[in-house]
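Comments concern the structure below.
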Amino acid sequence: MSQDRGHRISNAIDSLITHLIPINPHDDEQTVQERHDVCFELVRSIFEQPNSPLVTDDVNHASDLIKRKLIQSNPSQALRFSNLYTRLLSLPVLNQKWAILYLLYQLSDSLDLNEPLPLSPPILQQPILRGASRYAEKERSSKNSTPATIPEEDEEDAVSDAFASTGLKKLPLEKPVAPEKLPERQSERLFERQPERPRRSQDEEPLPAPRPKRVRDEEPPPAPVFEPAPSQAAETAQGKDSRDASTKSPPLTNHPAEVEPTEMALLRDLPFTLQGLSSTTMPFAAETKLKLPPTLPPPIISLLHTLAEPSLLYRGLGTFVSSPAKGLLGQSLRAAINNELRSYLTLVATLEGQIRRALSSLDESAPRGGIGKAGVTLKRCVVWTREATMGLRLMSLIAEESNNKRGGQLISLIHGFSSSHGDPVVAAFAERLLADVTRPFYDILRRWIYDGELSDPHLEFFVKEQSPKNDEDQKETKAKGQASVWNSKYEVVDAMVPSIITADFAQKVFLIGKSLNFIRHSCGDSQWVEAYSKTSSKELKYGDTATLETWIDEAYKTTMQRLMGLMNTRFHLFDHLQALKSYILLGQGDFIALLMESLAANLDRPAGAQYRHTLTAQLEHAIRGSNAQYDSDEVLRRLDARMLQLSHGDIGWDCFTLEYKIDAPVDVVVTEWGNRQYLKVFNFLWRIKRVEFALASTWRKCMTGSRGVLQTTEGHVLQTWKSTRGVLAEMIHFVGQLQYYILFEVIESSWTELQKNIRKEDCTLDDLIQAHTRYLTSITHKGLLGARRRQYYAGDGQQGGRGDNAAGVGDGGEDRNSYMVQLSELLRTMLAYRDSVDGLYSWSVSDFTRRQEVDVLRGGRGAGGRKAAHQSSASGDYEMGGVGDNDPLGLGLPGGVVKSEFPALQERLKQLGVSFRARLQILLGDLAYQPDVDMRFLGVSMNFNDVYQPVRRKTAKSSSGAAAAAAAGEKAANTSRA
Amino acid sequence: MPSDERSEKQAAAQQAVDILHEISTILNCHLDRRTLSICISMIENGVNPEALATAVKELRNEAQEVQFEAAGAGASTTRRR
């Protein structure tokens with residue numbers, strides 16, 4: 001078999017020779033045959049040489065070599081090569097694919113023999129070409145074996161050696177030793193060793209070192225790096241002897257290996273160093289310090305520097321990994337880094353395996369310990385650890401920066417590397433790290449958006465439970481109506497939102513979790529939450545942002561729908577809002593009217609005399625007697641009537657209030673603040689209603705009275721009544737307009753707005769709260785309750801001068817509720833007026849009865865008793881003149897009082913009427929300059945026929961002393977004028 | 001029988017040779033198909049590729065020399081001096 005194979009090989013050699021060696025037409029057959037034989041022998045001898053173990057004999061290695069070469073020289077071909085290579089791999093016929101590839105690799109870029117020969121002697125050209133090809137180094141291995149046959153090879157060898165040593169610093173230049181050369185080689189090695197000794201001490205200066213040796217070798221001066229070819233050419237011209245001598249001159253590359261400690265020793269220790277362990281040659285002096293042997297020449301030192309980097313980084317990362325982490329993300333970061341370190345250790349293990357194998361197969365006799373041949377050198381180690389070093393570097397950077405970061409910031413940090421680092425290697429690495437590091441974050445996120453629970457023991461999530469703030473803060477938020485379970489339980493920490501999540505998204509996530517939490521804890525619907533988390537809980541992972549987003553959107557939609565559904569069906573939120581509007585905002589007219597009617601008598605009494613049971617009884621009565629009875633029980637039982645805390649001198653009207661009780665989950669919408677606003681509006685409306693009620697009853701009294709008791713013949717009394725009725729009508733008109741404005745223009749329109757907002761398809765609880773707050777604000781603002789007039793004042797002050805300015809500032813506090821103040825003044829005036837009218841009425845009635853009595857007496861003079869006749873006759877004459885002045889009857893005394901009361905009443909009525917008008921005109925003046933259209937319109941509708949002249953405050957001073965005097969109560973006006 | 005077997009193998013490996021030839025062209029190996037197939041068969045027979053590469057190069061050098069000699073004795077003598 002082996003014979004067969006040998007035969008085949010010789011056949012092949014034969015054909016190869018015949019194919020390659022052209023037939024020289026000048027030579028005869030003999031010469032040709034001779035040449036053929038020589039060549040055959042040569043090839044044979046090459047083949048029979050002991051085969052050097054190949055560095056790696058796998059197919060990938062050879063292809064890698066080729067690929068690398070192609071990428072360097074011709075990138076476009078590299079792709080083509082990969083295609084061809086895969087096709088080749090799929091073929092079953094060849095057993096030694098790697099070998100063939102390796103052969104091709106060796107032969108690559110060789111001289112083309114078919115090209116026309118250059119004019120210059122080829123021998124000059126050859127070394128240059130060969131020497132320039134850095135990939136041809138291997139072929140040199142066997143050159144020494146045939147020095148006699150092909151002498152040029154030696155020369156070329158020397159050239160490339162010169163190249164290698166100075167130009168490329170090739171460490172492993174192995175020279176398989178041909179038998180006949182061996183002794184010489186060894187002697188060479190011997191005297192090579194000699195000059196090394198002095199060098200060890202002075203490894204600072206390795207470059208001059210080769211020179212003495214060169215001198216010793218009696219041969220040519222050190223070849224300049226870039227011009228070896230000419231010098232070589234010169235040598236060639238000199239002849240063969242010199243060439244031989246130059247061959248013997250030891251190549252420069254042999255030197256570094258001879259230093260102490262040897263490269264082998266260094267290699268042996270390298271795996272330990274890479275694992276961060278001290279070794280004899282390279283001990284770790286301190287935590288971050290590696291001590292290199294001082295005897296090494298700089299090239300090796302610099303190599304070791306490069307190798308020291310991963311070692312030190314590994315050490316640092318090792319301590320980082322074992323340091324206790326502050327939070328879950330810190331722990332996961334450590335775990336991820338640990339994982340990476342493990343793969344680094346795998347690399348080191350492989351390296352160590354390689355080194356071991358190489359060291360064991362070392363041929364001690366070879367120059368430089370044959371280390372180059374073994375295939376593992378320090379330089380290779382540098383190359384192999386290069387990528388790992390990059391990773392270690394990045395990790396230690398992250399580790400360092402992570403020290404004062406936690407949670408989301410940590411993720412942002414790594415994400416910063418993966419998303420905005422230009423180096424794709426770094427980006428990919430960070431991305432990989434991120435996948436591991438973010439795991440706890442996504443766990444928390446998952447718990448949050450599917451369970452509504454915040455399981456974040458180290459405060460790393462971007463949602464956090466609000467810490468109880470100090471009292472002042474809390475009060476402030478409460479005052480703004482922000483304090484509720486909904487708003488103050490959790491909050492988003494902007495700094496902790498990792499950059500893998502957008503702010504919008506974070507808000508959404510926050511809302512989902514908050515809603516779930518709210519459903520579970522405040523709405524008591526944990527079954528649903530549990531079922532929901534069971535059905536829809538998904539594994540969240542870093543990477544697929546789009547899917548994550550859709551999931552979160554889905555969760556968002558489901559949760560919001562559920563929450564709104566709960567609010568609507570179980571907690572009747574909308575019913576409550578409706579009820580608040582119809583009872584507290586006096587929307588339910590018949591109920592309010594009935595309530596007021598039944599309570600009026602009661603409320604006229606002082607506040608202290610009000611009893612809760614009467615109030616509730618009347619309330620019940622009002623409910624039963626009106627359409628309110630058809631409202632649901634759920635609503636009605638929340639309605640309550642009570643007294644506000646009373647102060648001295650109040651009467652029932654001032655303290656009475658209706659209340660609508662709101663409890664747990666709904667109170668996130670109708671907050672405490674909202675309740676207060678409702679109450680405010682109710683009190684205001686109630687007062688207006690009361691004035692209207694009072695005015696209406698008085699009006700009724702007057703109207704019915706005018707047909708009976710008020711009839712009189714006295715001109716000035718009639719006149720008084722007439723003007724009184726006029727003013728009364730004005731007031732009724734005013735109150736009517738005011739009520740219309742508040743109930744319809746303000747409340748109804750805001751209500752429509754609210755309805756529109758909360759019936760939206762994708763309305764969230766937040767939207768609802770916001771809409772409701774806006775609803776309340778617009779009511780309180782537009783309903784004259786909160787509107788400010790400061791702007792007007794400011795303008796006024798500027799025009800009025802400095803003094804006014806100070807005054808304007810002074811009454812700023814008063815100004816806050818200016819409309820409120822004005823309106824209360826107006827209402828008070830109206831009530832006072834009504835009282836006066838009532839007084840006038842009683843006077844008229846008593847006057848009437850007195851007259852009636854007089855009539856009766858007069859009529860009875862003829863037919864009446866003596867006593868009466870006597871009485872009457874006594875006072876009969878001057879009846880019309882001085883009535884009651886000296887009335888002898890008991891009736892005379894009240895008559896006298898009444899008589900004296902009339903002018904006072906008249907005067908008072910007149911004054912109140914004027915004051916009302918003046919105030920109204922000022923109010924209208926203010927309203928006319930309101931920025932709000934609705935409020936301006938109120939002024940227009942009150943003064944639709946221009947019966948009043950709206951007074952601008954600016955002109956109030958100069959225009960009418962009467963107005964100014966009438967507005968004496970108007971403190972603001974007064975002070976600013978002063 | 002070796003030649004038979006080789007030719008058979010060659011026929012079967014026709015495709016492989018094609019591919020390898022293309023690769024060698026990319027790599028500027030200057031191997032023609034014949035030489036390449038001889039090399040392949042040698043390697044398949046267990047020849048060390050490194051040695052073979054060396055051998056091929058040696059032979060090329062030899063060929064070059066022959067060509068020189070053929071080209072002119074003058075050039076050859078100067079060289080040989």
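Every chain in the structure tokens has a letter given in the order shown (A, B, ...), and although residue numbers restart at 1 in each chain, ligands are simply numbered from 1 in the order shown.
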
Q: Please provide as a ChimeraX atom specification all residues within 12 Å of Val669 in chain A, with the sequence filter that same-chain residues fewer than 2 positions apart are discarded (counting only C-alpha atoms).
A: /A:481-487,564,567,571-574,576-577,662-667,671-675,758,764-776

Using only C-alpha atoms, tabulate the residues of chain B lying at most 9 Å from any atom of chain A, each with its closest atom pair and that distance in Å to one decimal, by chain and increasing residue number, as a tab-separated table.
```
residue	atom	partner	partner_atom	distance
B:Pro2	CA	A:Arg8	CA	6.6
B:Ser3	CA	A:Arg8	CA	8.2
B:Lys9	CA	A:Val93	CA	7.9
B:Ala12	CA	A:Val93	CA	7.1
B:Ala13	CA	A:Val93	CA	6.0
B:Gln15	CA	A:Leu91	CA	8.3
B:Ala16	CA	A:Leu88	CA	6.3
B:Ile19	CA	A:Leu84	CA	6.1
B:Leu20	CA	A:Leu88	CA	7.8
B:Glu22	CA	A:Leu84	CA	7.9
B:Ile23	CA	A:Phe81	CA	6.4
B:Ser24	CA	A:Leu104	CA	6.0
B:Thr25	CA	A:Ser108	CA	8.8
B:Ile26	CA	A:Gln77	CA	6.8
B:Leu27	CA	A:Ser108	CA	4.9
B:Asn28	CA	A:Asp109	CA	4.7
B:Cys29	CA	A:Ser108	CA	4.4
B:His30	CA	A:Asp112	CA	5.8
B:Leu31	CA	A:Leu107	CA	8.7
B:Arg34	CA	A:His19	CA	8.1
B:Thr35	CA	A:Leu16	CA	6.5
B:Ile38	CA	A:Ala12	CA	6.1
B:Cys39	CA	A:Ala12	CA	7.9
B:Ile40	CA	A:Ile100	CA	6.5
B:Ser41	CA	A:Ala12	CA	7.8
B:Met42	CA	A:Ile9	CA	6.0
B:Ile43	CA	A:Ile100	CA	6.8
B:Glu44	CA	A:Gln96	CA	5.9
B:Asn45	CA	A:Arg5	CA	6.5
B:Gly46	CA	A:Gln96	CA	8.3
B:Val47	CA	A:Phe47	CA	7.1
B:Asn48	CA	A:Asn51	CA	7.0
B:Pro49	CA	A:Leu103	CA	5.1
B:Glu50	CA	A:Leu103	CA	6.3
B:Ala51	CA	A:Phe47	CA	5.7
B:Leu52	CA	A:Phe47	CA	7.1
B:Ala53	CA	A:Leu103	CA	5.7
B:Thr54	CA	A:Glu139	CA	5.7
B:Ala55	CA	A:Val43	CA	5.3
B:Val56	CA	A:Leu107	CA	8.2
B:Lys57	CA	A:Leu107	CA	7.7
B:Glu58	CA	A:Val43	CA	8.0
B:Leu59	CA	A:Leu20	CA	6.7
B:Arg60	CA	A:Leu20	CA	6.6
B:Asn61	CA	A:Ile150	CA	8.4
B:Glu62	CA	A:Ile21	CA	7.0
B:Ala63	CA	A:Ile21	CA	4.5
B:Gln64	CA	A:Leu113	CA	6.9
B:Val66	CA	A:Asn24	CA	6.4
B:Gln67	CA	A:Asn24	CA	6.9
B:Phe68	CA	A:Leu117	CA	8.8
B:Glu69	CA	A:Asn24	CA	7.7
B:Ala70	CA	A:Asn24	CA	5.6
B:Ala75	CA	A:Pro121	CA	7.5
B:Arg79	CA	A:Pro121	CA	7.9
B:Arg81	CA	A:Gly239	CA	7.5
```

Residues near Arg612 in chain A, cut-off 10 Å, only C-alpha atoms, skip fewer than 6 positions along chain, as an mmCIF file with N, CA, C and O atoms, in the first residue's frame:
```cif
data_model
loop_
_atom_site.group_PDB
_atom_site.id
_atom_site.type_symbol
_atom_site.label_atom_id
_atom_site.label_comp_id
_atom_site.auth_asym_id
_atom_site.auth_seq_id
_atom_site.Cartn_x
_atom_site.Cartn_y
_atom_site.Cartn_z
ATOM 1 N N GLN A 618 -86.978 68.524 56.993
ATOM 2 C CA GLN A 618 -87.399 69.365 55.877
ATOM 3 C C GLN A 618 -86.777 68.890 54.576
ATOM 4 O O GLN A 618 -87.411 68.926 53.525
ATOM 5 N N ASP A 640 -77.249 65.486 52.502
ATOM 6 C CA ASP A 640 -77.426 65.789 53.917
ATOM 7 C C ASP A 640 -77.535 67.292 54.089
ATOM 8 O O ASP A 640 -76.925 68.057 53.341
ATOM 9 N N ALA A 641 -78.291 67.685 55.063
ATOM 10 C CA ALA A 641 -78.403 69.112 55.358
ATOM 11 C C ALA A 641 -77.786 69.349 56.722
ATOM 12 O O ALA A 641 -77.987 68.579 57.651
ATOM 13 N N ARG A 642 -77.010 70.377 56.838
ATOM 14 C CA ARG A 642 -76.414 70.643 58.150
ATOM 15 C C ARG A 642 -76.091 72.125 58.269
ATOM 16 O O ARG A 642 -76.232 72.898 57.309
ATOM 17 N N MET A 643 -75.645 72.481 59.440
ATOM 18 C CA MET A 643 -75.279 73.875 59.680
ATOM 19 C C MET A 643 -73.767 73.980 59.667
ATOM 20 O O MET A 643 -73.069 73.116 60.158
#
```

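Going from CA of Ala265 in chain A over to CA of Ser279 in chain A, you cover 10.4 Å.
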
Q: Might you pull out every residue within 12 Å of Val947 in chain A, with only C-alpha atoms counted and same-chain residues fewer than 4 positions away left off, and present them as a PyMOL selection string?
A: chain A and resi 730+917+920-921+924+939-943

Dump as a compact mmCIF listing (two decimals), in the first residue's frame, selection limited to N, CA, C and O atoms:
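This is the output file again-v3.txt:
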```txt
# COMPACT_ATOMS: atom_id res chain seq x y z
N GLU A 730 -86.41 96.25 39.69
CA GLU A 730 -85.01 96.26 39.24
C GLU A 730 -84.22 95.15 39.90
O GLU A 730 -83.45 94.43 39.26
N ARG A 917 -78.36 101.10 43.09
CA ARG A 917 -78.14 101.51 41.71
C ARG A 917 -76.66 101.85 41.47
O ARG A 917 -76.08 101.43 40.46
N LEU A 920 -74.62 98.78 41.48
CA LEU A 920 -74.89 98.02 40.26
C LEU A 920 -74.14 98.64 39.09
O LEU A 920 -73.57 97.94 38.25
N GLN A 921 -74.14 99.96 39.08
CA GLN A 921 -73.45 100.61 37.97
C GLN A 921 -71.95 100.36 38.01
O GLN A 921 -71.32 100.15 36.97
N LEU A 924 -71.48 96.89 36.81
CA LEU A 924 -71.61 96.83 35.35
C LEU A 924 -70.38 97.40 34.68
O LEU A 924 -69.92 96.88 33.66
N GLY A 939 -73.22 91.52 31.92
CA GLY A 939 -73.43 92.95 32.07
C GLY A 939 -74.41 93.47 31.04
O GLY A 939 -75.31 94.28 31.35
N VAL A 940 -74.26 92.97 29.82
CA VAL A 940 -75.15 93.45 28.75
C VAL A 940 -76.58 93.05 29.04
O VAL A 940 -77.52 93.86 28.93
N SER A 941 -76.77 91.81 29.47
CA SER A 941 -78.15 91.36 29.67
C SER A 941 -78.79 92.03 30.88
O SER A 941 -80.00 92.19 30.93
N MET A 942 -77.97 92.45 31.84
CA MET A 942 -78.54 93.16 32.99
C MET A 942 -78.95 94.56 32.59
O MET A 942 -79.85 95.15 33.17
N ASN A 943 -78.27 95.08 31.64
CA ASN A 943 -78.49 96.48 31.27
C ASN A 943 -78.90 96.55 29.80
O ASN A 943 -78.40 97.37 29.04
```

Q.
Which residues are near His716 in chain A? Cut-off 10 Å, only C-alpha atoms, ignore same chain within fewer than 5 positions. Put them as a PyMOL selection string.
A. chain A and resi 721-722+906

Q: Give me, please, the distance in Å between CA of Glu400 in chain A and CA of Leu317 in chain A, quoted to one decimal.
A: 9.3 Å

Q. Do you know which residues are at most 9 Å from Thr281 in chain A counting only C-alpha atoms, after dropping those on the same chain fewer than 2 positions away, and could you put them as a list in words?
A.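 Near Thr281 in chain A, the qualifying residues are Pro261, Ala265, Leu266, Asp269, Ser278, Ser279, Pro283, Lys291, Leu292 and Pro293 of chain A.
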
How would the residues just picked look written out with C-alpha atoms as a CSV table (one decimal), in the first residue's frame?
```
chain,number,residue,atom,x,y,z
A,261,PRO,CA,13.7,35.0,31.4
A,265,ALA,CA,9.2,31.0,30.6
A,266,LEU,CA,7.2,34.0,30.0
A,269,ASP,CA,3.6,32.1,33.2
A,278,SER,CA,1.2,36.3,40.5
A,279,SER,CA,3.8,34.2,38.9
A,283,PRO,CA,4.4,39.0,40.2
A,291,LYS,CA,5.9,43.8,37.9
A,292,LEU,CA,7.7,42.9,34.7
A,293,PRO,CA,11.2,41.4,34.9
```

Q. Can you tell me, as a PyMOL selection string, what residues are no more than 10 Å from Lys541 in chain A when counting only C-alpha atoms, ignoring any on the same chain fewer than 4 positions away?
A. chain A and resi 435-436+438-443+446+545+547-548
